[in-house]
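Colleague: My structure is below; once you've seen it, I'll send some questions.
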Amino acid sequence: EALNTFTSELHRSLDLAETRAKVLNLLGGRSFRRAGLMEKARLIDEATRGRAPLRLLHWSVLKSVGELPQWSSNEGAEDVSKAVQRAISKKKGPLSSDFEASASRELMAKAEQRIVLVYVSHEWTRFPHHPDTDQHVKAKTLVRFAAWLMHQAAKQRMGCEVFFWMDYCCLDPTSEIGVAALPLFLAASTHVLTWLTTDFDRRCWSMMERLLAYSFCPGGLMPFAVNEDSFGLDTNGESSAEEDVAEVDFSSLGDAGEKNTA
């Protein structure tokens, strides 16, 4: 029995070391950082042998469920191909279920450009059980941040679809392989959103994420920062303003990263 335990631990350690080596190899080259989102997802899937895929949480899902959905929820994060489908349907209208086979490369490439992936760096409010308050303040703040970001894009005549990557929503916390691949999830993101707390700058994990963001994330040099007071939410997570968050109609706008010159 002792031998079996030793062998099992040895295989686990070697497996983890192999994953870490693949992660470092991807981060060390330029091909990963220059790749499109679907290619990054493929490379992450390859590096983790399918055990920690890149999954994205659309802002409208947060608005619909009203709370942070756990990574295993059927109403939560989705894989990149579904995220691209969502981006295409927002621009072109509903598509058939076999869109991947029929959609042109150009259409899918433009859909990728519309996706703005925001990595959320935060502290779990009710550690180790849940990252948000009982009133779901963090989830509601993320919805309002997404609306704000889309409005900023609209002012520049650009369209985008905001997705989030958040550990609780997008990653199995018991997966050592997934934790080892965390730098790749950050490097695949467009921006970083920091949830500010009084001790944020003193927490080792937060500092590590900031360093990785600075090194590998396109928007890591100037991360966004929010907290529970950013959008006028009261202690119950409700808005002090009358208006609700409205979805921006981007059907007539250009894609993110490509200004509409019409």
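Letters A, B, ... go to the chains of the structure tokens in the order shown; residues in each chain start at 1; ligands are counted from 1 in the same order.
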Excluding region 22-38 of chain A and its own-chain neighbours fewer than 4 positions away, which residues fall within 8 Å of it when counting only C-alpha atoms? Please give them as a list in words.
Modeller: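 Returned residues: Glu18, Arg42, Leu43, Ala47, Val80, Ser81, Ala109, Glu112, Ala180, Ala181, Pro183, Leu184, Ala187, Ala188 and Phe216 of chain A.
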Colleague: For the structure I just gave you, how does DSSP split region 26-170 of chain A - specifically, which residues are strand (DSSP E)? Reply as a PyMOL selection string.
Modeller: chain A and resi 55-58+78-79+115-121+158-159+161-165
Colleague: Taking N, CA, C and O atoms for each residue, export the selection above as a PDB file, in the first residue's frame.
Modeller:
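Written output follows (out_25.pdb):
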ATOM      1  N   ARG A  55     -12.421  29.038 -20.072  1.00  0.00           N
ATOM      2  CA  ARG A  55     -13.860  29.258 -20.067  1.00  0.00           C
ATOM      3  C   ARG A  55     -14.132  30.724 -19.747  1.00  0.00           C
ATOM      4  O   ARG A  55     -13.421  31.337 -18.943  1.00  0.00           O
ATOM      5  N   LEU A  56     -15.176  31.281 -20.361  1.00  0.00           N
ATOM      6  CA  LEU A  56     -15.476  32.697 -20.242  1.00  0.00           C
ATOM      7  C   LEU A  56     -16.891  32.896 -19.691  1.00  0.00           C
ATOM      8  O   LEU A  56     -17.799  32.130 -20.006  1.00  0.00           O
ATOM      9  N   LEU A  57     -17.053  33.951 -18.894  1.00  0.00           N
ATOM     10  CA  LEU A  57     -18.347  34.261 -18.316  1.00  0.00           C
ATOM     11  C   LEU A  57     -18.859  35.571 -18.906  1.00  0.00           C
ATOM     12  O   LEU A  57     -18.269  36.631 -18.683  1.00  0.00           O
ATOM     13  N   HIS A  58     -19.952  35.498 -19.685  1.00  0.00           N
ATOM     14  CA  HIS A  58     -20.500  36.688 -20.314  1.00  0.00           C
ATOM     15  C   HIS A  58     -21.234  37.539 -19.283  1.00  0.00           C
ATOM     16  O   HIS A  58     -21.888  37.023 -18.373  1.00  0.00           O
ATOM     17  N   GLU A  78     -18.768  29.534 -20.205  1.00  0.00           N
ATOM     18  CA  GLU A  78     -18.871  28.719 -21.416  1.00  0.00           C
ATOM     19  C   GLU A  78     -17.509  28.629 -22.090  1.00  0.00           C
ATOM     20  O   GLU A  78     -16.614  29.442 -21.821  1.00  0.00           O
ATOM     21  N   ASP A  79     -17.345  27.638 -22.967  1.00  0.00           N
ATOM     22  CA  ASP A  79     -16.066  27.523 -23.653  1.00  0.00           C
ATOM     23  C   ASP A  79     -15.951  28.595 -24.736  1.00  0.00           C
ATOM     24  O   ASP A  79     -16.920  29.287 -25.063  1.00  0.00           O
ATOM     25  N   ILE A 115     -14.585  40.212 -28.754  1.00  0.00           N
ATOM     26  CA  ILE A 115     -14.544  39.708 -27.385  1.00  0.00           C
ATOM     27  C   ILE A 115     -13.484  40.448 -26.575  1.00  0.00           C
ATOM     28  O   ILE A 115     -12.306  40.463 -26.929  1.00  0.00           O
ATOM     29  N   VAL A 116     -13.916  41.065 -25.484  1.00  0.00           N
ATOM     30  CA  VAL A 116     -13.008  41.683 -24.526  1.00  0.00           C
ATOM     31  C   VAL A 116     -13.060  40.828 -23.263  1.00  0.00           C
ATOM     32  O   VAL A 116     -14.091  40.767 -22.584  1.00  0.00           O
ATOM     33  N   LEU A 117     -11.964  40.154 -22.985  1.00  0.00           N
ATOM     34  CA  LEU A 117     -11.900  39.248 -21.839  1.00  0.00           C
ATOM     35  C   LEU A 117     -11.225  39.962 -20.669  1.00  0.00           C
ATOM     36  O   LEU A 117     -10.077  40.384 -20.764  1.00  0.00           O
ATOM     37  N   VAL A 118     -11.957  40.086 -19.577  1.00  0.00           N
ATOM     38  CA  VAL A 118     -11.477  40.809 -18.396  1.00  0.00           C
ATOM     39  C   VAL A 118     -11.169  39.807 -17.281  1.00  0.00           C
ATOM     40  O   VAL A 118     -12.057  39.083 -16.813  1.00  0.00           O
ATOM     41  N   TYR A 119      -9.917  39.759 -16.886  1.00  0.00           N
ATOM     42  CA  TYR A 119      -9.490  38.885 -15.788  1.00  0.00           C
ATOM     43  C   TYR A 119      -9.763  39.604 -14.468  1.00  0.00           C
ATOM     44  O   TYR A 119      -9.326  40.728 -14.256  1.00  0.00           O
ATOM     45  N   VAL A 120     -10.499  38.954 -13.566  1.00  0.00           N
ATOM     46  CA  VAL A 120     -10.874  39.575 -12.299  1.00  0.00           C
ATOM     47  C   VAL A 120      -9.920  39.110 -11.196  1.00  0.00           C
ATOM     48  O   VAL A 120      -9.876  37.926 -10.850  1.00  0.00           O
ATOM     49  N   SER A 121      -9.153  40.054 -10.678  1.00  0.00           N
ATOM     50  CA  SER A 121      -8.241  39.794  -9.557  1.00  0.00           C
ATOM     51  C   SER A 121      -8.937  40.266  -8.286  1.00  0.00           C
ATOM     52  O   SER A 121      -9.213  41.457  -8.126  1.00  0.00           O
ATOM     53  N   MET A 158     -16.835  51.607 -31.600  1.00  0.00           N
ATOM     54  CA  MET A 158     -16.373  50.227 -31.611  1.00  0.00           C
ATOM     55  C   MET A 158     -17.366  49.364 -30.834  1.00  0.00           C
ATOM     56  O   MET A 158     -17.967  49.818 -29.861  1.00  0.00           O
ATOM     57  N   GLY A 159     -17.537  48.140 -31.288  1.00  0.00           N
ATOM     58  CA  GLY A 159     -18.415  47.209 -30.601  1.00  0.00           C
ATOM     59  C   GLY A 159     -17.615  46.137 -29.892  1.00  0.00           C
ATOM     60  O   GLY A 159     -16.557  45.730 -30.359  1.00  0.00           O
ATOM     61  N   GLU A 161     -18.005  42.604 -26.891  1.00  0.00           N
ATOM     62  CA  GLU A 161     -18.751  41.743 -25.991  1.00  0.00           C
ATOM     63  C   GLU A 161     -17.849  41.461 -24.794  1.00  0.00           C
ATOM     64  O   GLU A 161     -16.766  40.894 -24.943  1.00  0.00           O
ATOM     65  N   VAL A 162     -18.292  41.864 -23.622  1.00  0.00           N
ATOM     66  CA  VAL A 162     -17.471  41.741 -22.419  1.00  0.00           C
ATOM     67  C   VAL A 162     -17.695  40.387 -21.758  1.00  0.00           C
ATOM     68  O   VAL A 162     -18.830  40.006 -21.445  1.00  0.00           O
ATOM     69  N   PHE A 163     -16.600  39.689 -21.558  1.00  0.00           N
ATOM     70  CA  PHE A 163     -16.589  38.433 -20.816  1.00  0.00           C
ATOM     71  C   PHE A 163     -15.626  38.578 -19.647  1.00  0.00           C
ATOM     72  O   PHE A 163     -14.689  39.374 -19.698  1.00  0.00           O
ATOM     73  N   PHE A 164     -15.849  37.782 -18.615  1.00  0.00           N
ATOM     74  CA  PHE A 164     -14.956  37.781 -17.461  1.00  0.00           C
ATOM     75  C   PHE A 164     -14.310  36.414 -17.299  1.00  0.00           C
ATOM     76  O   PHE A 164     -14.891  35.383 -17.650  1.00  0.00           O
ATOM     77  N   TRP A 165     -13.072  36.439 -16.787  1.00  0.00           N
ATOM     78  CA  TRP A 165     -12.460  35.204 -16.276  1.00  0.00           C
ATOM     79  C   TRP A 165     -12.280  35.412 -14.784  1.00  0.00           C
ATOM     80  O   TRP A 165     -11.596  36.330 -14.329  1.00  0.00           O
TER      81      TRP A 165
END
Colleague: Choose the residue, out of A:Ala52, A:Ala111, A:Val143, A:Val84, that has the smallest atom-to-atom separation from Thr174 (chain A); count only C-alpha atoms.
Modeller: A:Ala52
Colleague: By how many Å are CA of Arg144 (chain A) and CA of Glu39 (chain A) apart?
Modeller: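 Calculated distance between CA of Arg144 (chain A) and CA of Glu39 (chain A) is 29.5 Å.
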Colleague: For region 204-212 of chain A, please output as a list in words all residues within 9 Å (counting only C-alpha atoms; exclusion window: fewer than 6 positions along the same chain).
Modeller: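 In the requested format, the answer is Ser121, His122, Glu123, Pro183, Leu186, Ala187, Val192, Thr194, Gly220, Leu221 and Pro223 of chain A.
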Colleague: In Å, how far is it from CA of Gly66 (chain A) to CA of Val137 (chain A)?
Modeller: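 Answer for the CA of Gly66 (chain A) to CA of Val137 (chain A) separation: 9.5 Å.
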Colleague: Would you mind telling me which residue in A:Trp195, A:Trp71, A:Phe127, A:Phe145 lies nearest to Leu54 (chain A) when using only C-alpha atoms?
Modeller: A:Trp71
Colleague: As an exercise, work out the distance from CA of Ser72 (chain A) to CA of Asp167 (chain A) in Å and give it to one decimal place.
Modeller: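 Calculated distance between CA of Ser72 (chain A) and CA of Asp167 (chain A) is 11.6 Å.
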Colleague: Give the helix (DSSP H, G or I) residues of region 56-87 of chain A, as assigned by DSSP on the backbone, as a ChimeraX atom specification.
Modeller: /A:59-65,80-87
Colleague: Would you save the residues of that selection, restricted to N, CA and C atoms, as a short mmCIF file (atom, residue, chain, number, x, y, z; two decimals), in the first residue's frame?
Modeller:
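Contents of the output file selection26.cif:
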data_model
loop_
_atom_site.label_atom_id
_atom_site.label_comp_id
_atom_site.auth_asym_id
_atom_site.auth_seq_id
_atom_site.Cartn_x
_atom_site.Cartn_y
_atom_site.Cartn_z
N TRP A 59 -21.13 38.86 -19.44
CA TRP A 59 -21.74 39.76 -18.47
C TRP A 59 -23.24 39.57 -18.35
N SER A 60 -23.91 39.22 -19.45
CA SER A 60 -25.37 39.07 -19.42
C SER A 60 -25.78 37.86 -18.57
N VAL A 61 -24.91 36.86 -18.47
CA VAL A 61 -25.20 35.72 -17.60
C VAL A 61 -25.22 36.17 -16.15
N LEU A 62 -24.25 37.00 -15.78
CA LEU A 62 -24.21 37.55 -14.43
C LEU A 62 -25.49 38.34 -14.14
N LYS A 63 -25.90 39.14 -15.10
CA LYS A 63 -27.10 39.94 -14.92
C LYS A 63 -28.33 39.05 -14.78
N SER A 64 -28.37 37.98 -15.54
CA SER A 64 -29.53 37.09 -15.54
C SER A 64 -29.66 36.30 -14.24
N VAL A 65 -28.54 35.70 -13.78
CA VAL A 65 -28.61 34.85 -12.59
C VAL A 65 -28.51 35.67 -11.30
N VAL A 80 -14.75 28.73 -25.29
CA VAL A 80 -14.47 29.83 -26.20
C VAL A 80 -15.30 29.74 -27.48
N SER A 81 -15.52 28.53 -27.97
CA SER A 81 -16.30 28.39 -29.21
C SER A 81 -17.72 28.92 -29.03
N LYS A 82 -18.31 28.68 -27.86
CA LYS A 82 -19.65 29.21 -27.58
C LYS A 82 -19.61 30.72 -27.39
N ALA A 83 -18.51 31.21 -26.82
CA ALA A 83 -18.37 32.66 -26.66
C ALA A 83 -18.27 33.35 -28.01
N VAL A 84 -17.55 32.72 -28.94
CA VAL A 84 -17.45 33.27 -30.30
C VAL A 84 -18.81 33.22 -30.98
N GLN A 85 -19.54 32.13 -30.78
CA GLN A 85 -20.89 32.03 -31.34
C GLN A 85 -21.77 33.14 -30.80
N ARG A 86 -21.64 33.42 -29.51
CA ARG A 86 -22.43 34.49 -28.90
C ARG A 86 -22.08 35.84 -29.54
N ALA A 87 -20.78 36.07 -29.75
CA ALA A 87 -20.33 37.33 -30.34
C ALA A 87 -20.83 37.48 -31.77
#
